[in-house]
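Here is protein-v2.cif, consisting of mmCIF, C-alpha atoms and all ligand atoms:
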data_final
#
loop_
_atom_site.label_atom_id
_atom_site.label_comp_id
_atom_site.auth_asym_id
_atom_site.auth_seq_id
_atom_site.Cartn_x
_atom_site.Cartn_y
_atom_site.Cartn_z
CA MET A 1 5.80 8.42 21.69
CA ASN A 2 9.03 9.14 19.80
CA LEU A 3 9.27 6.98 16.68
CA ASN A 4 12.90 7.98 16.18
CA LEU A 5 12.73 8.09 12.40
CA THR A 6 14.87 11.22 12.04
CA GLY A 7 17.22 10.88 9.09
CA LYS A 8 16.00 7.42 8.10
CA ALA A 9 15.98 6.83 4.33
CA VAL A 10 12.56 5.58 3.27
CA VAL A 11 11.02 4.53 -0.05
CA VAL A 12 7.22 4.77 -0.31
CA THR A 13 5.51 3.44 -3.45
CA GLY A 14 2.16 4.75 -4.69
CA ALA A 15 2.99 8.08 -3.06
CA SER A 16 1.10 10.64 -5.14
CA ARG A 17 -2.23 10.42 -3.29
CA GLY A 18 -4.27 8.39 -0.81
CA ILE A 19 -2.57 6.13 1.74
CA GLY A 20 0.86 6.55 0.13
CA LEU A 21 0.73 10.35 0.27
CA ALA A 22 -0.49 10.26 3.89
CA THR A 23 2.40 7.91 4.71
CA VAL A 24 4.93 10.24 3.09
CA ARG A 25 3.53 13.18 5.09
CA THR A 26 3.64 11.24 8.36
CA LEU A 27 7.19 10.04 7.78
CA ARG A 28 8.36 13.52 6.78
CA ALA A 29 6.78 14.92 9.96
CA GLU A 30 8.83 12.31 11.88
CA GLY A 31 12.00 13.65 10.27
CA ALA A 32 12.60 10.87 7.72
CA ARG A 33 14.17 11.39 4.30
CA VAL A 34 11.61 10.03 1.87
CA LEU A 35 11.49 9.07 -1.80
CA GLY A 36 7.91 8.89 -3.08
CA ALA A 37 7.19 7.03 -6.32
CA ALA A 38 4.11 7.01 -8.56
CA ARG A 39 3.40 7.59 -12.25
CA THR A 40 2.29 11.16 -11.49
CA VAL A 41 4.15 13.71 -9.40
CA THR A 42 1.26 15.58 -7.80
CA PRO A 43 1.62 19.05 -6.23
CA GLU A 44 0.68 17.42 -2.91
CA LEU A 45 3.59 14.98 -3.15
CA LYS A 46 5.98 17.80 -4.12
CA ASP A 47 4.77 19.83 -1.11
CA THR A 48 5.84 17.10 1.32
CA GLY A 49 9.50 17.79 0.58
CA ALA A 50 10.01 14.15 -0.37
CA LEU A 51 12.01 13.30 -3.49
CA PRO A 52 9.33 12.52 -6.08
CA VAL A 53 10.24 9.89 -8.67
CA PRO A 54 7.83 9.25 -11.55
CA ALA A 55 7.73 5.59 -12.62
CA ASP A 56 5.36 2.85 -13.67
CA LEU A 57 5.74 0.41 -10.79
CA SER A 58 3.94 -2.38 -12.62
CA THR A 59 7.14 -2.91 -14.64
CA ALA A 60 10.53 -4.27 -13.62
CA GLU A 61 12.21 -1.26 -15.24
CA GLY A 62 10.01 1.19 -13.31
CA VAL A 63 10.79 -0.41 -9.95
CA ALA A 64 14.50 -0.61 -10.79
CA ALA A 65 14.58 3.10 -11.67
CA VAL A 66 12.96 4.01 -8.34
CA MET A 67 15.27 1.85 -6.25
CA ASP A 68 18.35 3.08 -8.14
CA ALA A 69 17.24 6.67 -7.51
CA ALA A 70 16.85 5.93 -3.78
CA LEU A 71 20.29 4.34 -3.51
CA ALA A 72 21.87 7.24 -5.42
CA GLU A 73 20.08 9.91 -3.35
CA PHE A 74 20.35 8.38 0.11
CA GLY A 75 23.35 6.05 -0.24
CA GLY A 76 21.21 3.22 1.13
CA ILE A 77 17.68 2.36 2.25
CA ASP A 78 16.57 1.93 5.87
CA LEU A 79 12.85 1.43 5.39
CA LEU A 80 10.56 0.35 2.54
CA VAL A 81 6.79 0.80 2.23
CA ASN A 82 5.27 -1.26 -0.58
CA ASN A 83 2.00 0.61 -0.75
CA VAL A 84 1.28 0.73 -4.47
CA GLY A 85 -1.68 -1.40 -5.43
CA GLY A 86 -5.23 -1.49 -6.65
CA GLY A 87 -4.71 0.10 -10.03
CA ASP A 88 -6.55 0.63 -13.27
CA ASP A 89 -7.14 -3.09 -13.80
CA VAL A 90 -9.14 -3.65 -10.60
CA ARG A 91 -12.73 -3.51 -11.80
CA PRO A 92 -15.99 -4.97 -10.57
CA GLY A 93 -16.74 -8.34 -12.15
CA GLY A 94 -16.41 -12.05 -11.51
CA PHE A 95 -13.90 -14.75 -12.35
CA LEU A 96 -15.22 -15.29 -15.88
CA ASP A 97 -14.85 -11.56 -16.60
CA THR A 98 -11.14 -11.66 -15.69
CA ASP A 99 -8.81 -12.67 -18.52
CA ASP A 100 -5.12 -13.55 -18.36
CA ARG A 101 -4.05 -10.03 -19.23
CA GLN A 102 -5.98 -8.62 -16.27
CA TRP A 103 -4.65 -11.31 -13.87
CA THR A 104 -1.11 -10.53 -15.01
CA ARG A 105 -1.49 -6.78 -14.71
CA VAL A 106 -3.09 -6.98 -11.25
CA PHE A 107 -0.32 -9.30 -10.02
CA ASP A 108 2.40 -7.12 -11.58
CA LEU A 109 1.24 -4.07 -9.63
CA ASN A 110 -0.02 -5.62 -6.38
CA LEU A 111 2.58 -8.37 -5.87
CA LEU A 112 5.55 -8.20 -8.22
CA SER A 113 6.15 -4.49 -7.58
CA ALA A 114 6.83 -5.45 -3.95
CA VAL A 115 8.90 -8.52 -4.89
CA ARG A 116 11.11 -6.40 -7.13
CA ALA A 117 11.43 -3.51 -4.67
CA VAL A 118 12.35 -5.84 -1.81
CA ARG A 119 14.96 -7.63 -3.93
CA ALA A 120 16.63 -4.33 -4.78
CA ALA A 121 16.45 -2.95 -1.22
CA LEU A 122 17.52 -6.06 0.72
CA PRO A 123 21.30 -5.62 0.65
CA SER A 124 20.81 -2.18 2.22
CA LEU A 125 18.08 -3.32 4.59
CA ILE A 126 20.28 -6.15 5.87
CA GLU A 127 23.27 -3.84 6.32
CA ARG A 128 21.15 -1.22 8.14
CA ARG A 129 18.87 -3.67 10.03
CA GLY A 130 15.87 -2.07 8.36
CA ALA A 131 12.17 -2.77 8.05
CA ILE A 132 9.51 -3.31 5.40
CA VAL A 133 5.77 -2.70 5.54
CA ASN A 134 3.59 -4.12 2.76
CA VAL A 135 0.09 -2.69 2.30
CA SER A 136 -2.30 -5.57 1.62
CA SER A 137 -6.07 -5.49 2.24
CA ILE A 138 -8.76 -7.22 4.26
CA ASN A 139 -9.62 -8.78 0.90
CA SER A 140 -6.83 -11.26 1.62
CA ARG A 141 -9.01 -12.55 4.50
CA LEU A 142 -12.36 -11.93 2.80
CA PRO A 143 -11.52 -12.85 -0.80
CA ALA A 144 -15.16 -13.19 -1.84
CA ALA A 145 -15.73 -9.52 -1.00
CA GLY A 146 -13.69 -8.13 -3.89
CA PRO A 147 -12.41 -8.65 -7.43
CA VAL A 148 -10.91 -12.13 -7.62
CA ALA A 149 -7.44 -11.28 -8.99
CA TYR A 150 -7.00 -8.38 -6.55
CA SER A 151 -7.96 -10.53 -3.54
CA ALA A 152 -5.60 -13.30 -4.65
CA ALA A 153 -2.73 -10.84 -5.20
CA LYS A 154 -3.25 -9.28 -1.77
CA ALA A 155 -3.33 -12.73 -0.12
CA ALA A 156 -0.08 -13.54 -1.92
CA LEU A 157 1.43 -10.26 -0.68
CA ALA A 158 0.54 -11.17 2.92
CA ALA A 159 2.12 -14.59 2.42
CA LEU A 160 5.23 -12.96 0.93
CA GLY A 161 5.54 -10.81 4.05
CA LYS A 162 5.48 -13.86 6.29
CA SER A 163 8.13 -15.66 4.17
CA LEU A 164 10.41 -12.62 4.12
CA ALA A 165 10.02 -12.07 7.86
CA GLU A 166 11.12 -15.64 8.53
CA GLU A 167 14.04 -15.67 6.09
CA PHE A 168 15.49 -12.25 6.91
CA GLY A 169 14.48 -11.79 10.56
CA PRO A 170 17.66 -13.51 11.78
CA ARG A 171 19.62 -10.93 9.74
CA GLY A 172 17.89 -8.00 11.40
CA VAL A 173 15.18 -7.12 8.87
CA ARG A 174 11.57 -6.89 10.10
CA VAL A 175 8.68 -7.36 7.65
CA ASN A 176 5.06 -6.62 8.48
CA THR A 177 1.78 -6.32 6.62
CA VAL A 178 -0.96 -3.72 7.06
CA SER A 179 -4.39 -4.77 5.84
CA PRO A 180 -6.89 -1.92 5.57
CA GLY A 181 -10.62 -2.16 5.12
CA VAL A 182 -12.35 0.69 3.29
CA VAL A 183 -10.17 3.83 3.37
CA ARG A 184 -11.26 7.26 2.15
CA THR A 185 -9.21 7.52 -1.07
CA SER A 186 -9.76 7.91 -4.78
CA ILE A 187 -10.40 4.16 -5.10
CA TRP A 188 -13.82 4.91 -3.63
CA GLU A 189 -14.29 8.64 -4.22
CA ASP A 190 -13.04 9.20 -7.80
CA PRO A 191 -16.11 9.58 -10.07
CA GLU A 192 -14.39 7.25 -12.59
CA GLY A 193 -12.89 4.91 -9.98
CA PHE A 194 -13.65 1.46 -8.60
CA GLY A 195 -16.27 2.69 -6.10
CA ALA A 196 -18.13 4.61 -8.79
CA GLN A 197 -18.06 1.53 -11.03
CA VAL A 198 -19.46 -0.66 -8.23
CA ALA A 199 -22.20 1.92 -7.59
CA ALA A 200 -23.09 2.07 -11.28
CA ALA A 201 -23.19 -1.74 -11.53
CA ALA A 202 -25.60 -1.78 -8.56
CA GLY A 203 -27.70 1.03 -10.07
CA VAL A 204 -27.01 3.29 -7.07
CA GLU A 205 -25.97 6.93 -7.25
CA HIS A 206 -22.25 7.29 -6.35
CA ALA A 207 -22.76 9.67 -3.40
CA ALA A 208 -25.53 7.47 -1.96
CA PHE A 209 -23.28 4.42 -2.36
CA LEU A 210 -20.47 6.13 -0.43
CA ARG A 211 -22.87 7.00 2.40
CA GLN A 212 -24.04 3.38 2.62
CA ILE A 213 -20.54 1.87 2.88
CA PRO A 214 -20.32 1.59 6.70
CA ASP A 215 -23.66 -0.27 6.86
CA ALA A 216 -23.10 -2.31 3.72
CA PHE A 217 -19.62 -3.47 4.86
CA GLY A 218 -20.63 -3.99 8.48
CA ILE A 219 -18.10 -1.47 9.78
CA THR A 220 -18.51 -1.66 13.56
CA THR A 221 -17.28 1.87 14.24
CA GLY A 222 -19.78 3.24 11.72
CA ARG A 223 -17.18 5.04 9.61
CA ILE A 224 -14.50 4.30 7.07
CA THR A 225 -10.80 4.69 7.82
CA GLU A 226 -8.88 7.89 7.03
CA PRO A 227 -5.56 7.60 5.11
CA ASP A 228 -3.59 9.23 7.94
CA GLU A 229 -4.81 6.52 10.32
CA VAL A 230 -3.24 3.88 8.07
CA ALA A 231 -0.12 6.02 7.75
CA ALA A 232 0.26 6.19 11.55
CA LEU A 233 0.14 2.39 11.77
CA VAL A 234 2.71 2.05 8.98
CA ALA A 235 5.05 4.54 10.68
CA PHE A 236 4.73 2.72 14.01
CA LEU A 237 5.58 -0.63 12.41
CA LEU A 238 8.59 0.86 10.62
CA SER A 239 9.95 2.32 13.84
CA GLU A 240 12.09 0.67 16.49
CA VAL A 241 9.18 1.14 18.90
CA ALA A 242 7.87 -1.94 17.08
CA GLY A 243 11.31 -3.55 17.23
CA ASN A 244 10.09 -7.05 18.16
CA ILE A 245 7.10 -7.10 15.80
CA THR A 246 7.72 -9.06 12.61
CA GLY A 247 5.73 -11.40 10.39
CA ALA A 248 2.52 -9.77 11.64
CA ASP A 249 -0.52 -8.66 9.65
CA TYR A 250 -2.32 -5.69 11.19
CA VAL A 251 -5.94 -5.18 10.16
CA ILE A 252 -7.23 -1.58 10.25
CA ASP A 253 -10.88 -1.76 9.23
CA GLY A 254 -13.15 -0.34 11.95
CA GLY A 255 -14.18 -3.89 12.84
CA THR A 256 -15.22 -5.08 9.37
CA VAL A 257 -13.59 -8.50 9.74
CA LYS A 258 -15.57 -10.34 12.44
CA THR A 259 -13.48 -13.51 12.61
CA LEU A 260 -10.27 -14.23 14.58
N1 LIG B 301 -8.57 2.64 -0.22
C1 LIG B 301 -8.95 1.48 0.28
O1 LIG B 301 -10.13 1.30 0.66
C2 LIG B 301 -7.97 0.35 0.41
C3 LIG B 301 -8.37 -0.78 1.14
C4 LIG B 301 -7.49 -1.84 1.28
C5 LIG B 301 -6.23 -1.78 0.71
N2 LIG B 301 -5.87 -0.68 0.02
C6 LIG B 301 -4.53 -0.67 -0.58
O2 LIG B 301 -3.84 0.49 -0.17
C7 LIG B 301 -2.89 0.85 -1.16
C8 LIG B 301 -3.07 2.32 -1.49
O3 LIG B 301 -4.39 2.50 -1.95
P1 LIG B 301 -5.09 3.93 -2.07
O4 LIG B 301 -6.50 3.71 -1.66
O5 LIG B 301 -4.28 4.95 -1.42
O6 LIG B 301 -5.08 4.08 -3.66
P2 LIG B 301 -5.09 5.35 -4.59
O7 LIG B 301 -5.68 6.54 -3.91
O8 LIG B 301 -5.67 4.87 -5.88
O9 LIG B 301 -3.53 5.64 -4.80
C9 LIG B 301 -2.77 4.71 -5.51
C10 LIG B 301 -1.35 5.24 -5.65
O10 LIG B 301 -0.60 4.31 -6.44
C11 LIG B 301 -0.12 4.98 -7.61
N3 LIG B 301 -0.12 4.05 -8.74
C12 LIG B 301 -1.17 3.39 -9.28
N4 LIG B 301 -0.77 2.65 -10.32
C13 LIG B 301 0.58 2.84 -10.42
C14 LIG B 301 1.57 2.36 -11.32
N5 LIG B 301 1.29 1.53 -12.32
N6 LIG B 301 2.85 2.76 -11.13
C15 LIG B 301 3.15 3.64 -10.13
N7 LIG B 301 2.26 4.11 -9.25
C16 LIG B 301 0.99 3.72 -9.42
C17 LIG B 301 -1.07 6.16 -7.81
O11 LIG B 301 -0.46 7.20 -8.52
P3 LIG B 301 -0.50 7.34 -10.12
O12 LIG B 301 -1.89 6.98 -10.56
O13 LIG B 301 -0.12 8.75 -10.36
O14 LIG B 301 0.52 6.38 -10.64
C18 LIG B 301 -1.31 6.57 -6.37
O15 LIG B 301 -0.21 7.31 -5.88
C19 LIG B 301 -3.12 -0.09 -2.34
O16 LIG B 301 -2.20 -1.14 -2.28
C20 LIG B 301 -4.52 -0.60 -2.10
O17 LIG B 301 -4.72 -1.86 -2.70
C21 LIG B 301 -6.70 0.40 -0.15
#
Take the structure in this file and express it as structure tokens.
Ligand SMILES: NC(=O)c1ccc[n+]([C@@H]2O[C@H](COP(=O)([O-])OP(=O)(O)OC[C@H]3O[C@@H](n4cnc5c(N)ncnc54)[C@H](OP(=O)(O)O)[C@@H]3O)[C@@H](O)[C@H]2O)c1
Amino acid sequence: MNLNLTGKAVVVTGASRGIGLATVRTLRAEGARVLGAARTVTPELKDTGALPVPADLSTAEGVAAVMDAALAEFGGIDLLVNNVGGGDDVRPGGFLDTDDRQWTRVFDLNLLSAVRAVRAALPSLIERRGAIVNVSSINSRLPAAGPVAYSAAKAALAALGKSLAEEFGPRGVRVNTVSPGVVRTSIWEDPEGFGAQVAAAAGVEHAAFLRQIPDAFGITTGRITEPDEVAALVAFLLSEVAGNITGADYVIDGGTVKTL
């Protein structure tokens, strides 16, 4: 299948590792011109040949700097992937452990980064009849399964996608959501990360916890998702092959969500 992304100008947020990095690689392999933003410019991101832009995407200034850089470099934006999310403030714990500062920081990164990026990109996206993919999570459908502020922010991001699809679809802009289940990234594998913190809270060794994930999460296929599998879905939805798909929310979770 030819996705026909050659020469397209794409912005990918959260591009230094994980799903974002895999998405940059996939889009580069399809011939797209890509700007990848994150706080850190990793060697892996540099190696993709994308334009790396360091910025804190939890701030309005950081998002503005990234979008300005994209407009200056490419002269416009065809496609936008709002992938950045999770973040340092997503920690195990319940509602009463989550103060206003944490709610605000989680929403800034997981929702407002996308709001701000879309606002800046829309004039271009309308002119070029472009597309947006927002990376949410199955937590938007299973909010009790994860940290409360993160689940709420991801549900809001899915709702935002539906609103944008409806408002801007008649002007040629498609907006879709991708909702992964557990994906093999640093969120789970970093010895200091969220997965390690969950394991420690449960009194389980980190490596043993990682091995148990497919059973513990009821993953029907028996394995977690690889970042390049999410990237392939994102690239498909960005492409004109998916030209009549908009306002949709694609789950990629190995069968974790059992409901319709
Ligand atoms: N992995 C999963 O199981 C899973 C499941 C469902 C949904 N998701 C969603 O998928 C997306 C990608 O997750 P991932 O697993 O690939 O995460 P990851 O491996 O932790 O990567 C996160 C990316 O975002 C960047 N980032 C974090 N905070 C940032 C900030 N303040 N400003 C700019 N960049 C920032 C990181 O780079 P720097 O740290 O260098 O800034 C990194 O490039 C997120 O929206 C996440 O919620 C993941």
Enclosing box along x, y and z for every listed atom of ligand LIG 301 (chain B), padded 5 Å each side, centre and size in Å, one decimal, as JSON:
{"center_x": -3.5, "center_y": 3.4, "center_z": -5.5, "size_x": 23.3, "size_y": 20.6, "size_z": 23.6}
**OP:** Would you list the residues near (14.9, 5.0, 5.3) (no more than 12 Å away, in the coordinates of the file, using all atoms listed in the file) as a ChimeraX atom specification?
**Re:** /A:4-12,24,27-28,30-36,50,67,70-71,73-81,121,124-125,128-133,235,238-239
Residues from last step as file, C-alpha atoms, as a PDB file, in the frame of the given file:
ATOM      1  CA  ASN A   4      12.900   7.980  16.180  1.00  0.00           C
ATOM      2  CA  LEU A   5      12.730   8.090  12.400  1.00  0.00           C
ATOM      3  CA  THR A   6      14.870  11.220  12.040  1.00  0.00           C
ATOM      4  CA  GLY A   7      17.220  10.880   9.090  1.00  0.00           C
ATOM      5  CA  LYS A   8      16.000   7.420   8.100  1.00  0.00           C
ATOM      6  CA  ALA A   9      15.980   6.830   4.330  1.00  0.00           C
ATOM      7  CA  VAL A  10      12.560   5.580   3.270  1.00  0.00           C
ATOM      8  CA  VAL A  11      11.020   4.530  -0.050  1.00  0.00           C
ATOM      9  CA  VAL A  12       7.220   4.770  -0.310  1.00  0.00           C
ATOM     10  CA  VAL A  24       4.930  10.240   3.090  1.00  0.00           C
ATOM     11  CA  LEU A  27       7.190  10.040   7.780  1.00  0.00           C
ATOM     12  CA  ARG A  28       8.360  13.520   6.780  1.00  0.00           C
ATOM     13  CA  GLU A  30       8.830  12.310  11.880  1.00  0.00           C
ATOM     14  CA  GLY A  31      12.000  13.650  10.270  1.00  0.00           C
ATOM     15  CA  ALA A  32      12.600  10.870   7.720  1.00  0.00           C
ATOM     16  CA  ARG A  33      14.170  11.390   4.300  1.00  0.00           C
ATOM     17  CA  VAL A  34      11.610  10.030   1.870  1.00  0.00           C
ATOM     18  CA  LEU A  35      11.490   9.070  -1.800  1.00  0.00           C
ATOM     19  CA  GLY A  36       7.910   8.890  -3.080  1.00  0.00           C
ATOM     20  CA  ALA A  50      10.010  14.150  -0.370  1.00  0.00           C
ATOM     21  CA  MET A  67      15.270   1.850  -6.250  1.00  0.00           C
ATOM     22  CA  ALA A  70      16.850   5.930  -3.780  1.00  0.00           C
ATOM     23  CA  LEU A  71      20.290   4.340  -3.510  1.00  0.00           C
ATOM     24  CA  GLU A  73      20.080   9.910  -3.350  1.00  0.00           C
ATOM     25  CA  PHE A  74      20.350   8.380   0.110  1.00  0.00           C
ATOM     26  CA  GLY A  75      23.350   6.050  -0.240  1.00  0.00           C
ATOM     27  CA  GLY A  76      21.210   3.220   1.130  1.00  0.00           C
ATOM     28  CA  ILE A  77      17.680   2.360   2.250  1.00  0.00           C
ATOM     29  CA  ASP A  78      16.570   1.930   5.870  1.00  0.00           C
ATOM     30  CA  LEU A  79      12.850   1.430   5.390  1.00  0.00           C
ATOM     31  CA  LEU A  80      10.560   0.350   2.540  1.00  0.00           C
ATOM     32  CA  VAL A  81       6.790   0.800   2.230  1.00  0.00           C
ATOM     33  CA  ALA A 121      16.450  -2.950  -1.220  1.00  0.00           C
ATOM     34  CA  SER A 124      20.810  -2.180   2.220  1.00  0.00           C
ATOM     35  CA  LEU A 125      18.080  -3.320   4.590  1.00  0.00           C
ATOM     36  CA  ARG A 128      21.150  -1.220   8.140  1.00  0.00           C
ATOM     37  CA  ARG A 129      18.870  -3.670  10.030  1.00  0.00           C
ATOM     38  CA  GLY A 130      15.870  -2.070   8.360  1.00  0.00           C
ATOM     39  CA  ALA A 131      12.170  -2.770   8.050  1.00  0.00           C
ATOM     40  CA  ILE A 132       9.510  -3.310   5.400  1.00  0.00           C
ATOM     41  CA  VAL A 133       5.770  -2.700   5.540  1.00  0.00           C
ATOM     42  CA  ALA A 235       5.050   4.540  10.680  1.00  0.00           C
ATOM     43  CA  LEU A 238       8.590   0.860  10.620  1.00  0.00           C
ATOM     44  CA  SER A 239       9.950   2.320  13.840  1.00  0.00           C
TER      45      SER A 239
END
Ligand LIG 301 (chain B): which residues are within 7 Å, counting all atoms listed in the file? Reply as a JSON list (two decimals) with C-alpha atoms, in the coordinates of the input.
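out25.json, freshly written:
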[["chain", "number", "residue", "atom", "x", "y", "z"],
["A", 13, "THR", "CA", 5.51, 3.44, -3.45],
["A", 14, "GLY", "CA", 2.16, 4.75, -4.69],
["A", 15, "ALA", "CA", 2.99, 8.08, -3.06],
["A", 16, "SER", "CA", 1.10, 10.64, -5.14],
["A", 17, "ARG", "CA", -2.23, 10.42, -3.29],
["A", 18, "GLY", "CA", -4.27, 8.39, -0.81],
["A", 19, "ILE", "CA", -2.57, 6.13, 1.74],
["A", 20, "GLY", "CA", 0.86, 6.55, 0.13],
["A", 21, "LEU", "CA", 0.73, 10.35, 0.27],
["A", 37, "ALA", "CA", 7.19, 7.03, -6.32],
["A", 38, "ALA", "CA", 4.11, 7.01, -8.56],
["A", 39, "ARG", "CA", 3.40, 7.59, -12.25],
["A", 40, "THR", "CA", 2.29, 11.16, -11.49],
["A", 41, "VAL", "CA", 4.15, 13.71, -9.40],
["A", 55, "ALA", "CA", 7.73, 5.59, -12.62],
["A", 56, "ASP", "CA", 5.36, 2.85, -13.67],
["A", 57, "LEU", "CA", 5.74, 0.41, -10.79],
["A", 58, "SER", "CA", 3.94, -2.38, -12.62],
["A", 83, "ASN", "CA", 2.00, 0.61, -0.75],
["A", 84, "VAL", "CA", 1.28, 0.73, -4.47],
["A", 85, "GLY", "CA", -1.68, -1.40, -5.43],
["A", 86, "GLY", "CA", -5.23, -1.49, -6.65],
["A", 87, "GLY", "CA", -4.71, 0.10, -10.03],
["A", 88, "ASP", "CA", -6.55, 0.63, -13.27],
["A", 109, "LEU", "CA", 1.24, -4.07, -9.63],
["A", 110, "ASN", "CA", -0.02, -5.62, -6.38],
["A", 135, "VAL", "CA", 0.09, -2.69, 2.30],
["A", 136, "SER", "CA", -2.30, -5.57, 1.62],
["A", 137, "SER", "CA", -6.07, -5.49, 2.24],
["A", 138, "ILE", "CA", -8.76, -7.22, 4.26],
["A", 179, "SER", "CA", -4.39, -4.77, 5.84],
["A", 180, "PRO", "CA", -6.89, -1.92, 5.57],
["A", 181, "GLY", "CA", -10.62, -2.16, 5.12],
["A", 182, "VAL", "CA", -12.35, 0.69, 3.29],
["A", 183, "VAL", "CA", -10.17, 3.83, 3.37],
["A", 184, "ARG", "CA", -11.26, 7.26, 2.15],
["A", 185, "THR", "CA", -9.21, 7.52, -1.07],
["A", 186, "SER", "CA", -9.76, 7.91, -4.78],
["A", 187, "ILE", "CA", -10.40, 4.16, -5.10],
["A", 188, "TRP", "CA", -13.82, 4.91, -3.63]]
**OP:** Find the distance between CA of Gly243 in chain A and CA of Arg174 in chain A and write it in Å to one decimal.
**Re:**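 Separation of CA of Gly243 in chain A and CA of Arg174 in chain A: 7.9 Å.
You can rank A:Gly161, A:Gly222, A:Pro54, A:Pro147 by their closest distance to Asp249 in chain A using only C-alpha atoms, and at the top of that list sits A:Gly161.
Between CA of Val106 in chain A and CA of Asn82 in chain A lies a distance of 14.7 Å.
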**OP:** Have a look at CA of Asp228 in chain A and CA of Ala22 in chain A and let me know their distance in Å, one decimal.
**Re:** 5.2 Å
Original post:
Of the candidates A:Thr23, A:Glu189, A:Glu229, A:Ala114, which one gets nearest to Arg211 in chain A if we count all atoms listed in the file?
Top reply: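 For Arg211 in chain A, the nearest of the given residues is A:Glu189.
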Original post:
If we count all atoms listed in the file, what is near range 152-155 of chain A at a cut-off of 8 Å, once residues fewer than 2 positions away on the same chain are taken out, given as a PyMOL selection string?
Top reply: chain A and resi 106-107+110-111+136-137+139-141+143+148-150+157-159
Subject >> Nearest to Ala242 in chain A by atom-to-atom distance, counting all atoms listed in the file, from A:Val175, A:Ala145, A:Val118, A:Ala201 >> reply: A:Val175
Limit the output to N, CA and C atoms and give range 5-17 of chain A as a short mmCIF file (atom, residue, chain, number, x, y, z; two decimals), in the first residue's frame.
data_model
loop_
_atom_site.label_atom_id
_atom_site.label_comp_id
_atom_site.auth_asym_id
_atom_site.auth_seq_id
_atom_site.Cartn_x
_atom_site.Cartn_y
_atom_site.Cartn_z
N LEU A 5 3.01 9.81 1.25
CA LEU A 5 3.35 10.88 2.19
C LEU A 5 4.61 11.63 1.76
N THR A 6 5.11 11.32 0.59
CA THR A 6 6.35 11.95 0.12
C THR A 6 6.22 13.47 0.11
N GLY A 7 7.17 14.12 0.79
CA GLY A 7 7.20 15.58 0.79
C GLY A 7 6.25 16.25 1.75
N LYS A 8 5.38 15.49 2.38
CA LYS A 8 4.42 16.09 3.33
C LYS A 8 5.19 16.67 4.51
N ALA A 9 4.74 17.81 5.01
CA ALA A 9 5.37 18.45 6.17
C ALA A 9 4.61 18.04 7.43
N VAL A 10 5.33 17.35 8.32
CA VAL A 10 4.66 16.77 9.49
C VAL A 10 5.32 17.25 10.78
N VAL A 11 4.51 17.54 11.78
CA VAL A 11 5.02 17.81 13.13
C VAL A 11 4.61 16.64 14.03
N VAL A 12 5.61 16.07 14.73
CA VAL A 12 5.35 14.99 15.69
C VAL A 12 5.84 15.46 17.06
N THR A 13 4.96 15.46 18.05
CA THR A 13 5.38 15.86 19.40
C THR A 13 5.74 14.62 20.22
N GLY A 14 6.63 14.83 21.20
CA GLY A 14 7.09 13.70 22.01
C GLY A 14 7.89 12.73 21.18
N ALA A 15 8.86 13.29 20.41
CA ALA A 15 9.49 12.53 19.32
C ALA A 15 10.83 11.90 19.69
N SER A 16 11.30 12.09 20.92
CA SER A 16 12.68 11.67 21.21
C SER A 16 12.81 10.18 21.50
N ARG A 17 11.71 9.51 21.83
CA ARG A 17 11.76 8.07 22.12
C ARG A 17 10.34 7.51 22.00
#
